[in-house]
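Have a look at coords38.txt below; it lists compact mmCIF, N, CA and C atoms.
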```txt
# COMPACT_ATOMS: atom_id res chain seq x y z
N GLN A 1 -9.82 -11.54 11.78
CA GLN A 1 -9.68 -11.45 10.33
C GLN A 1 -9.82 -10.00 9.90
N VAL A 2 -8.94 -9.56 9.05
CA VAL A 2 -8.97 -8.19 8.53
C VAL A 2 -9.20 -8.26 7.03
N GLN A 3 -10.15 -7.46 6.56
CA GLN A 3 -10.38 -7.37 5.13
C GLN A 3 -9.90 -6.01 4.62
N LEU A 4 -9.23 -6.05 3.49
CA LEU A 4 -8.70 -4.84 2.87
C LEU A 4 -9.29 -4.71 1.47
N VAL A 5 -9.82 -3.54 1.17
CA VAL A 5 -10.44 -3.32 -0.14
C VAL A 5 -9.83 -2.07 -0.77
N GLU A 6 -9.13 -2.28 -1.88
CA GLU A 6 -8.51 -1.18 -2.59
C GLU A 6 -9.47 -0.58 -3.60
N SER A 7 -9.28 0.68 -3.90
CA SER A 7 -10.05 1.37 -4.94
C SER A 7 -9.22 2.53 -5.45
N GLY A 8 -9.66 3.10 -6.55
CA GLY A 8 -9.02 4.30 -7.08
C GLY A 8 -8.13 4.08 -8.28
N GLY A 9 -7.92 2.83 -8.65
CA GLY A 9 -7.09 2.57 -9.83
C GLY A 9 -7.82 2.96 -11.10
N GLY A 10 -7.07 2.95 -12.20
CA GLY A 10 -7.69 3.30 -13.47
C GLY A 10 -6.65 3.64 -14.52
N LEU A 11 -7.12 4.24 -15.59
CA LEU A 11 -6.28 4.64 -16.71
C LEU A 11 -5.97 6.13 -16.59
N VAL A 12 -4.70 6.47 -16.70
CA VAL A 12 -4.29 7.86 -16.59
C VAL A 12 -3.16 8.10 -17.58
N GLN A 13 -3.07 9.33 -18.07
CA GLN A 13 -1.99 9.67 -18.98
C GLN A 13 -0.70 9.87 -18.21
N ALA A 14 0.40 9.64 -18.86
CA ALA A 14 1.71 9.89 -18.26
C ALA A 14 1.77 11.34 -17.78
N GLY A 15 2.30 11.51 -16.58
CA GLY A 15 2.35 12.82 -15.97
C GLY A 15 1.15 13.14 -15.10
N GLY A 16 0.14 12.29 -15.19
CA GLY A 16 -1.08 12.51 -14.42
C GLY A 16 -0.99 11.99 -13.00
N SER A 17 -2.11 12.06 -12.31
CA SER A 17 -2.17 11.68 -10.90
C SER A 17 -3.33 10.73 -10.64
N LEU A 18 -3.18 9.94 -9.61
CA LEU A 18 -4.25 9.08 -9.11
C LEU A 18 -4.09 8.99 -7.60
N ARG A 19 -5.20 8.76 -6.92
CA ARG A 19 -5.14 8.46 -5.50
C ARG A 19 -5.80 7.11 -5.24
N LEU A 20 -5.01 6.20 -4.72
CA LEU A 20 -5.52 4.89 -4.33
C LEU A 20 -5.96 4.93 -2.88
N SER A 21 -7.02 4.18 -2.60
CA SER A 21 -7.52 4.06 -1.23
C SER A 21 -7.56 2.59 -0.86
N CYS A 22 -7.38 2.32 0.41
CA CYS A 22 -7.49 0.96 0.94
C CYS A 22 -8.27 1.05 2.24
N ALA A 23 -9.49 0.53 2.21
CA ALA A 23 -10.34 0.54 3.40
C ALA A 23 -10.19 -0.78 4.14
N ALA A 24 -9.99 -0.68 5.43
CA ALA A 24 -9.75 -1.87 6.26
C ALA A 24 -10.91 -2.11 7.21
N SER A 25 -11.18 -3.37 7.47
CA SER A 25 -12.18 -3.72 8.48
C SER A 25 -11.49 -3.79 9.84
N GLY A 26 -12.29 -3.87 10.86
CA GLY A 26 -11.72 -3.98 12.20
C GLY A 26 -11.70 -2.65 12.91
N ARG A 27 -11.80 -2.73 14.22
CA ARG A 27 -11.89 -1.51 15.02
C ARG A 27 -10.54 -1.05 15.54
N THR A 28 -9.48 -1.78 15.17
CA THR A 28 -8.17 -1.42 15.69
C THR A 28 -7.23 -1.00 14.58
N PHE A 29 -7.79 -0.40 13.53
CA PHE A 29 -6.99 0.00 12.37
C PHE A 29 -5.81 0.86 12.78
N SER A 30 -5.98 1.71 13.75
CA SER A 30 -4.91 2.63 14.13
C SER A 30 -3.67 1.90 14.62
N SER A 31 -3.81 0.65 14.99
CA SER A 31 -2.66 -0.13 15.48
C SER A 31 -1.97 -0.92 14.37
N TYR A 32 -2.51 -0.88 13.16
CA TYR A 32 -1.92 -1.64 12.05
C TYR A 32 -0.80 -0.84 11.39
N ASP A 33 0.25 -1.52 11.00
CA ASP A 33 1.21 -0.98 10.05
C ASP A 33 0.67 -1.30 8.66
N MET A 34 0.72 -0.34 7.76
CA MET A 34 0.12 -0.52 6.43
C MET A 34 1.16 -0.34 5.34
N GLY A 35 0.98 -1.06 4.26
CA GLY A 35 1.91 -0.94 3.15
C GLY A 35 1.21 -1.01 1.81
N TRP A 36 1.87 -0.46 0.82
CA TRP A 36 1.45 -0.61 -0.58
C TRP A 36 2.57 -1.30 -1.34
N PHE A 37 2.16 -2.27 -2.12
CA PHE A 37 3.08 -2.99 -2.99
C PHE A 37 2.50 -3.00 -4.40
N ARG A 38 3.33 -3.29 -5.37
CA ARG A 38 2.82 -3.46 -6.71
C ARG A 38 3.40 -4.74 -7.29
N GLN A 39 2.63 -5.31 -8.19
CA GLN A 39 3.00 -6.61 -8.73
C GLN A 39 2.46 -6.77 -10.14
N ALA A 40 3.35 -7.11 -11.05
CA ALA A 40 2.96 -7.45 -12.41
C ALA A 40 2.70 -8.95 -12.48
N PRO A 41 1.87 -9.40 -13.42
CA PRO A 41 1.58 -10.83 -13.54
C PRO A 41 2.85 -11.65 -13.70
N GLY A 42 2.98 -12.69 -12.88
CA GLY A 42 4.12 -13.57 -12.97
C GLY A 42 5.38 -13.05 -12.30
N LYS A 43 5.29 -11.91 -11.66
CA LYS A 43 6.46 -11.33 -11.02
C LYS A 43 6.22 -11.18 -9.53
N GLU A 44 7.29 -10.93 -8.79
CA GLU A 44 7.19 -10.78 -7.35
C GLU A 44 6.60 -9.42 -6.98
N ARG A 45 6.04 -9.38 -5.78
CA ARG A 45 5.54 -8.10 -5.27
C ARG A 45 6.70 -7.21 -4.92
N VAL A 46 6.55 -5.94 -5.27
CA VAL A 46 7.59 -4.95 -5.07
C VAL A 46 7.08 -3.85 -4.14
N PHE A 47 7.87 -3.51 -3.18
CA PHE A 47 7.50 -2.49 -2.21
C PHE A 47 7.34 -1.12 -2.87
N VAL A 48 6.30 -0.41 -2.46
CA VAL A 48 6.08 0.95 -2.94
C VAL A 48 6.22 1.95 -1.79
N ALA A 49 5.39 1.76 -0.76
CA ALA A 49 5.39 2.69 0.37
C ALA A 49 4.77 2.02 1.58
N ALA A 50 5.08 2.53 2.76
CA ALA A 50 4.51 2.01 3.99
C ALA A 50 4.34 3.13 5.00
N ILE A 51 3.40 2.92 5.89
CA ILE A 51 3.18 3.87 6.99
C ILE A 51 2.91 3.06 8.25
N SER A 52 3.63 3.40 9.30
CA SER A 52 3.47 2.65 10.54
C SER A 52 2.27 3.15 11.33
N SER A 53 1.96 2.44 12.40
CA SER A 53 0.88 2.89 13.27
C SER A 53 1.23 4.24 13.90
N GLY A 54 2.52 4.51 14.02
CA GLY A 54 2.95 5.79 14.55
C GLY A 54 3.15 6.85 13.49
N ARG A 55 2.73 6.53 12.25
CA ARG A 55 2.76 7.45 11.10
C ARG A 55 4.16 7.70 10.53
N SER A 56 5.12 6.87 10.86
CA SER A 56 6.39 6.94 10.15
C SER A 56 6.15 6.42 8.73
N THR A 57 6.79 7.05 7.76
CA THR A 57 6.58 6.68 6.37
C THR A 57 7.88 6.21 5.72
N TYR A 58 7.71 5.33 4.74
CA TYR A 58 8.84 4.74 4.04
C TYR A 58 8.46 4.64 2.56
N TYR A 59 9.46 4.85 1.69
CA TYR A 59 9.19 4.82 0.26
C TYR A 59 10.28 4.08 -0.49
N ALA A 60 9.88 3.44 -1.57
CA ALA A 60 10.86 2.89 -2.50
C ALA A 60 11.52 4.05 -3.23
N ASP A 61 12.77 3.88 -3.58
CA ASP A 61 13.50 4.95 -4.27
C ASP A 61 12.80 5.37 -5.56
N SER A 62 12.17 4.40 -6.21
CA SER A 62 11.56 4.67 -7.51
C SER A 62 10.35 5.60 -7.43
N VAL A 63 9.80 5.77 -6.22
CA VAL A 63 8.59 6.60 -6.10
C VAL A 63 8.79 7.81 -5.19
N LYS A 64 9.94 7.92 -4.58
CA LYS A 64 10.20 9.06 -3.69
C LYS A 64 10.03 10.37 -4.43
N GLY A 65 9.31 11.28 -3.81
CA GLY A 65 9.07 12.57 -4.43
C GLY A 65 7.88 12.59 -5.36
N ARG A 66 7.34 11.42 -5.70
CA ARG A 66 6.18 11.35 -6.58
C ARG A 66 4.95 10.78 -5.88
N PHE A 67 5.16 9.86 -4.94
CA PHE A 67 4.05 9.22 -4.23
C PHE A 67 4.06 9.65 -2.77
N THR A 68 2.86 9.72 -2.20
CA THR A 68 2.72 10.04 -0.78
C THR A 68 1.73 9.08 -0.15
N ILE A 69 2.16 8.44 0.93
CA ILE A 69 1.27 7.55 1.68
C ILE A 69 0.75 8.29 2.90
N SER A 70 -0.51 8.07 3.21
CA SER A 70 -1.11 8.69 4.39
C SER A 70 -2.20 7.78 4.92
N ARG A 71 -2.68 8.08 6.10
CA ARG A 71 -3.73 7.26 6.70
C ARG A 71 -4.73 8.15 7.43
N ASP A 72 -5.96 7.70 7.43
CA ASP A 72 -7.03 8.35 8.18
C ASP A 72 -7.60 7.29 9.10
N ASN A 73 -7.20 7.30 10.34
CA ASN A 73 -7.62 6.26 11.27
C ASN A 73 -9.12 6.31 11.56
N ALA A 74 -9.70 7.49 11.49
CA ALA A 74 -11.14 7.62 11.72
C ALA A 74 -11.94 6.90 10.63
N LYS A 75 -11.36 6.82 9.44
CA LYS A 75 -12.02 6.14 8.32
C LYS A 75 -11.44 4.76 8.06
N SER A 76 -10.48 4.35 8.86
CA SER A 76 -9.83 3.05 8.67
C SER A 76 -9.33 2.89 7.25
N THR A 77 -8.70 3.91 6.74
CA THR A 77 -8.29 3.94 5.34
C THR A 77 -6.85 4.44 5.22
N VAL A 78 -6.13 3.81 4.33
CA VAL A 78 -4.80 4.27 3.96
C VAL A 78 -4.85 4.69 2.50
N TYR A 79 -4.11 5.74 2.17
CA TYR A 79 -4.12 6.30 0.83
C TYR A 79 -2.73 6.25 0.21
N LEU A 80 -2.71 6.20 -1.10
CA LEU A 80 -1.47 6.36 -1.84
C LEU A 80 -1.74 7.40 -2.93
N GLN A 81 -1.25 8.60 -2.70
CA GLN A 81 -1.38 9.66 -3.70
C GLN A 81 -0.21 9.57 -4.64
N MET A 82 -0.51 9.44 -5.92
CA MET A 82 0.53 9.25 -6.93
C MET A 82 0.51 10.42 -7.91
N PHE A 83 1.65 11.07 -8.02
CA PHE A 83 1.81 12.19 -8.94
C PHE A 83 2.81 11.81 -10.03
N ASN A 84 2.78 12.56 -11.13
CA ASN A 84 3.76 12.41 -12.20
C ASN A 84 3.94 10.94 -12.58
N LEU A 85 2.82 10.29 -12.87
CA LEU A 85 2.86 8.86 -13.17
C LEU A 85 3.59 8.58 -14.47
N LYS A 86 4.29 7.45 -14.48
CA LYS A 86 5.10 7.07 -15.62
C LYS A 86 4.65 5.70 -16.13
N ASP A 87 5.11 5.37 -17.35
CA ASP A 87 4.77 4.06 -17.92
C ASP A 87 5.13 2.93 -16.96
N GLY A 88 6.26 3.06 -16.31
CA GLY A 88 6.74 2.01 -15.41
C GLY A 88 5.90 1.82 -14.17
N ASP A 89 4.96 2.71 -13.93
CA ASP A 89 4.07 2.57 -12.77
C ASP A 89 2.86 1.70 -13.10
N THR A 90 2.74 1.30 -14.34
CA THR A 90 1.61 0.47 -14.76
C THR A 90 1.74 -0.93 -14.18
N THR A 91 0.80 -1.30 -13.37
CA THR A 91 0.74 -2.64 -12.81
C THR A 91 -0.40 -2.69 -11.78
N GLY A 92 -0.54 -3.84 -11.10
CA GLY A 92 -1.51 -3.95 -10.03
C GLY A 92 -0.92 -3.44 -8.72
N TYR A 93 -1.74 -2.76 -7.93
CA TYR A 93 -1.30 -2.21 -6.65
C TYR A 93 -2.08 -2.89 -5.53
N TYR A 94 -1.34 -3.30 -4.50
CA TYR A 94 -1.92 -4.09 -3.42
C TYR A 94 -1.64 -3.43 -2.08
N CYS A 95 -2.65 -3.41 -1.27
CA CYS A 95 -2.56 -2.90 0.08
C CYS A 95 -2.30 -4.06 1.04
N ALA A 96 -1.53 -3.81 2.09
CA ALA A 96 -1.21 -4.85 3.05
C ALA A 96 -1.26 -4.30 4.46
N ALA A 97 -1.58 -5.18 5.40
CA ALA A 97 -1.66 -4.78 6.80
C ALA A 97 -0.86 -5.73 7.68
N ARG A 98 -0.19 -5.16 8.64
CA ARG A 98 0.46 -5.95 9.69
C ARG A 98 -0.25 -5.61 10.99
N THR A 99 -0.84 -6.62 11.60
CA THR A 99 -1.60 -6.39 12.82
C THR A 99 -0.73 -6.62 14.05
N PRO A 100 -1.08 -6.04 15.18
CA PRO A 100 -0.27 -6.22 16.39
C PRO A 100 -0.24 -7.66 16.89
N TRP A 101 -1.27 -8.44 16.54
CA TRP A 101 -1.33 -9.81 17.05
C TRP A 101 -0.71 -10.83 16.10
N THR A 102 -0.05 -10.36 15.03
CA THR A 102 0.54 -11.30 14.08
C THR A 102 1.66 -12.10 14.73
N LEU A 103 1.83 -13.35 14.25
CA LEU A 103 2.94 -14.19 14.71
C LEU A 103 4.13 -14.09 13.78
N ARG A 104 3.96 -13.27 12.73
CA ARG A 104 5.05 -13.12 11.78
C ARG A 104 6.20 -12.36 12.41
N ARG A 105 7.38 -12.78 12.03
CA ARG A 105 8.58 -12.07 12.46
C ARG A 105 8.55 -10.66 11.88
N ARG A 106 8.96 -9.69 12.68
CA ARG A 106 8.98 -8.31 12.19
C ARG A 106 10.20 -8.10 11.32
N ASN A 107 9.92 -7.87 10.04
CA ASN A 107 10.97 -7.52 9.09
C ASN A 107 10.80 -6.05 8.74
N GLY A 108 11.58 -5.57 7.84
CA GLY A 108 11.47 -4.17 7.44
C GLY A 108 10.15 -3.91 6.73
N PRO A 109 9.71 -2.67 6.69
CA PRO A 109 8.41 -2.35 6.09
C PRO A 109 8.33 -2.67 4.60
N GLY A 110 9.46 -2.85 3.96
CA GLY A 110 9.47 -3.17 2.54
C GLY A 110 9.43 -4.64 2.21
N ASP A 111 9.38 -5.48 3.23
CA ASP A 111 9.37 -6.92 3.03
C ASP A 111 7.93 -7.42 3.02
N PRO A 112 7.45 -8.03 1.95
CA PRO A 112 6.06 -8.51 1.92
C PRO A 112 5.75 -9.50 3.05
N ASP A 113 6.74 -10.25 3.51
CA ASP A 113 6.51 -11.22 4.58
C ASP A 113 6.24 -10.55 5.92
N ASN A 114 6.39 -9.26 5.97
CA ASN A 114 6.11 -8.51 7.19
C ASN A 114 4.60 -8.39 7.45
N TYR A 115 3.80 -8.63 6.43
CA TYR A 115 2.37 -8.34 6.47
C TYR A 115 1.54 -9.62 6.50
N ASP A 116 0.44 -9.58 7.23
CA ASP A 116 -0.37 -10.80 7.33
C ASP A 116 -1.71 -10.72 6.63
N TYR A 117 -2.08 -9.55 6.12
CA TYR A 117 -3.33 -9.45 5.35
C TYR A 117 -3.06 -8.64 4.09
N TRP A 118 -3.77 -9.04 3.04
CA TRP A 118 -3.60 -8.39 1.74
C TRP A 118 -4.96 -8.13 1.11
N GLY A 119 -5.03 -7.06 0.34
CA GLY A 119 -6.22 -6.80 -0.46
C GLY A 119 -6.14 -7.51 -1.80
N GLN A 120 -7.20 -7.34 -2.59
CA GLN A 120 -7.28 -8.00 -3.89
C GLN A 120 -6.58 -7.22 -4.99
N GLY A 121 -6.26 -5.98 -4.73
CA GLY A 121 -5.50 -5.20 -5.69
C GLY A 121 -6.37 -4.30 -6.56
N THR A 122 -5.75 -3.28 -7.09
CA THR A 122 -6.40 -2.39 -8.04
C THR A 122 -5.38 -2.06 -9.14
N GLN A 123 -5.87 -2.04 -10.37
CA GLN A 123 -4.98 -1.88 -11.51
C GLN A 123 -4.77 -0.40 -11.83
N VAL A 124 -3.53 -0.06 -12.06
CA VAL A 124 -3.17 1.29 -12.53
C VAL A 124 -2.52 1.14 -13.89
N THR A 125 -3.03 1.86 -14.86
CA THR A 125 -2.48 1.83 -16.21
C THR A 125 -2.14 3.25 -16.64
N VAL A 126 -0.88 3.46 -16.98
CA VAL A 126 -0.41 4.77 -17.41
C VAL A 126 -0.16 4.73 -18.91
N SER A 127 -0.81 5.60 -19.62
CA SER A 127 -0.64 5.64 -21.07
C SER A 127 0.26 6.80 -21.46
N SER A 128 1.11 6.54 -22.43
CA SER A 128 2.05 7.59 -22.86
C SER A 128 1.53 8.29 -24.11
```
Take the structure I supplied and represent it as structure tokens, if you would.
Amino acid sequence: QVQLVESGGGLVQAGGSLRLSCAASGRTFSSYDMGWFRQAPGKERVFVAAISSGRSTYYADSVKGRFTISRDNAKSTVYLQMFNLKDGDTTGYYCAARTPWTLRRRNGPGDPDNYDYWGQGTQVTVSS
């Protein structure tokens, strides 16, 4: 069982920055593929960014050039640095992990079904 705990959300003005963190349990964090998704109430989860165990990174077009995903394996933590935040970035942000022992079919990093563990989310609100 892997537990994921997000933090770092909050209220920020448009154009501002935030850094989200997702701390994972387990001693094999370095082998997990990690992703960030966002989801508004009543809507589907939308891919934001992902980083593989080999540190390959992937981004949604809507955040390219503004968001950066990174990981610190020593701290079992993945980060999402967000710059130049916009009104449209307001929503809940969720961290996800794909473990090496998952039975899930491997889909692309932007597919929520690729991941077998999820955090509880952290809210980001951008005010204009």
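Checking A:Phe67, A:Tyr94, A:Tyr59, A:Phe83 one by one against Phe37 (chain A), counting only C-alpha atoms, you find the shortest gap at A:Tyr94.
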Residue contacts of region 42-54 of chain A (8 Å, all atoms listed in the file) excluding same-chain residues fewer than 2 positions away, as a PyMOL selection string: chain A and resi 29-40+56-64+67-71+109-112
Residues as selected, N, CA and C atoms, written as a CSV table (one decimal), in the coordinates of the input, can you do that?
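What follows is the written file result.csv:
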```csv
chain,number,residue,atom,x,y,z
A,29,PHE,N,-7.8,-0.4,13.5
A,29,PHE,CA,-7.0,0.0,12.4
A,29,PHE,C,-5.8,0.9,12.8
A,30,SER,N,-6.0,1.7,13.8
A,30,SER,CA,-4.9,2.6,14.1
A,30,SER,C,-3.7,1.9,14.6
A,31,SER,N,-3.8,0.6,15.0
A,31,SER,CA,-2.7,-0.1,15.5
A,31,SER,C,-2.0,-0.9,14.4
A,32,TYR,N,-2.5,-0.9,13.2
A,32,TYR,CA,-1.9,-1.6,12.0
A,32,TYR,C,-0.8,-0.8,11.4
A,33,ASP,N,0.2,-1.5,11.0
A,33,ASP,CA,1.2,-1.0,10.0
A,33,ASP,C,0.7,-1.3,8.7
A,34,MET,N,0.7,-0.3,7.8
A,34,MET,CA,0.1,-0.5,6.4
A,34,MET,C,1.2,-0.3,5.3
A,35,GLY,N,1.0,-1.1,4.3
A,35,GLY,CA,1.9,-0.9,3.2
A,35,GLY,C,1.2,-1.0,1.8
A,36,TRP,N,1.9,-0.5,0.8
A,36,TRP,CA,1.4,-0.6,-0.6
A,36,TRP,C,2.6,-1.3,-1.3
A,37,PHE,N,2.2,-2.3,-2.1
A,37,PHE,CA,3.1,-3.0,-3.0
A,37,PHE,C,2.5,-3.0,-4.4
A,38,ARG,N,3.3,-3.3,-5.4
A,38,ARG,CA,2.8,-3.5,-6.7
A,38,ARG,C,3.4,-4.7,-7.3
A,39,GLN,N,2.6,-5.3,-8.2
A,39,GLN,CA,3.0,-6.6,-8.7
A,39,GLN,C,2.5,-6.8,-10.1
A,40,ALA,N,3.4,-7.1,-11.0
A,40,ALA,CA,3.0,-7.4,-12.4
A,40,ALA,C,2.7,-9.0,-12.5
A,56,SER,N,5.1,6.9,10.9
A,56,SER,CA,6.4,6.9,10.2
A,56,SER,C,6.2,6.4,8.7
A,57,THR,N,6.8,7.0,7.8
A,57,THR,CA,6.6,6.7,6.4
A,57,THR,C,7.9,6.2,5.7
A,58,TYR,N,7.7,5.3,4.7
A,58,TYR,CA,8.8,4.7,4.0
A,58,TYR,C,8.5,4.6,2.6
A,59,TYR,N,9.5,4.8,1.7
A,59,TYR,CA,9.2,4.8,0.3
A,59,TYR,C,10.3,4.1,-0.5
A,60,ALA,N,9.9,3.4,-1.6
A,60,ALA,CA,10.9,2.9,-2.5
A,60,ALA,C,11.5,4.0,-3.2
A,61,ASP,N,12.8,3.9,-3.6
A,61,ASP,CA,13.5,5.0,-4.3
A,61,ASP,C,12.8,5.4,-5.6
A,62,SER,N,12.2,4.4,-6.2
A,62,SER,CA,11.6,4.7,-7.5
A,62,SER,C,10.4,5.6,-7.4
A,63,VAL,N,9.8,5.8,-6.2
A,63,VAL,CA,8.6,6.6,-6.1
A,63,VAL,C,8.8,7.8,-5.2
A,64,LYS,N,9.9,7.9,-4.6
A,64,LYS,CA,10.2,9.1,-3.7
A,64,LYS,C,10.0,10.4,-4.4
A,67,PHE,N,5.2,9.9,-4.9
A,67,PHE,CA,4.0,9.2,-4.2
A,67,PHE,C,4.1,9.6,-2.8
A,68,THR,N,2.9,9.7,-2.2
A,68,THR,CA,2.7,10.0,-0.8
A,68,THR,C,1.7,9.1,-0.2
A,69,ILE,N,2.2,8.4,0.9
A,69,ILE,CA,1.3,7.6,1.7
A,69,ILE,C,0.8,8.3,2.9
A,70,SER,N,-0.5,8.1,3.2
A,70,SER,CA,-1.1,8.7,4.4
A,70,SER,C,-2.2,7.8,4.9
A,71,ARG,N,-2.7,8.1,6.1
A,71,ARG,CA,-3.7,7.3,6.7
A,71,ARG,C,-4.7,8.2,7.4
A,109,PRO,N,9.7,-2.7,6.7
A,109,PRO,CA,8.4,-2.4,6.1
A,109,PRO,C,8.3,-2.7,4.6
A,110,GLY,N,9.5,-2.8,4.0
A,110,GLY,CA,9.5,-3.2,2.5
A,110,GLY,C,9.4,-4.6,2.2
A,111,ASP,N,9.4,-5.5,3.2
A,111,ASP,CA,9.4,-6.9,3.0
A,111,ASP,C,7.9,-7.4,3.0
A,112,PRO,N,7.4,-8.0,2.0
A,112,PRO,CA,6.1,-8.5,1.9
A,112,PRO,C,5.8,-9.5,3.0
```
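Of the residues under consideration (A:Ser127, A:Tyr117, A:Gly8, A:Pro100), A:Gly8 shows the shortest atom-to-atom contact distance to Met82 (chain A) when counting only C-alpha atoms.
Using only C-alpha atoms, every residue with an atom at most 10 Å from the point (-0.3, -7.8, 14.0) is listed here: Ser31, Tyr32, Asp33, Ala97, Arg98, Thr99, Pro100, Trp101, Thr102, Leu103, Arg104, Arg105, Arg106, Asn114, Tyr115, Asp116 and Tyr117 of chain A.
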Let me know the centre plus edge lengths, in Å and rounded to one decimal, of a box with edges along x, y and z that contains all listed atoms of region 24-33 of chain A and is padded by 8 Å on every side, as JSON.
```
{"center_x": -5.5, "center_y": -0.7, "center_z": 10.6, "size_x": 29.5, "size_y": 22.6, "size_z": 26.3}
```
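Between atom C of Ser76 (chain A) and CA of Gly108 (chain A) lies a distance of 22.0 Å.
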Per-residue DSSP, chain A, filtered to helix (DSSP H, G or I), as a ChimeraX atom specification: /A:29-31,73-75,87-89,112-114
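The coordinates place CA of Arg66 (chain A) at 20.2 Å from CA of Ala96 (chain A).
Minimum atom-to-atom distances from A:Val124, A:Leu85, A:Val2, A:Cys95 to Ser21 (chain A) were compared using only N, CA and C atoms, and the lowest value belongs to A:Cys95.
The coordinates place CA of Val12 (chain A) at 24.9 Å from CA of Asp72 (chain A).
Of the listed residues (A:Ser25, A:Gly92, A:Ala14, A:Tyr79), A:Gly92 comes nearest to Gln120 (chain A); the distances count only N, CA and C atoms.
Among the candidates A:Ala74, A:Val5, A:Ala23, A:Val126, the residue lying nearest to Thr90 (chain A) is A:Val126 (atoms considered: only C-alpha atoms).
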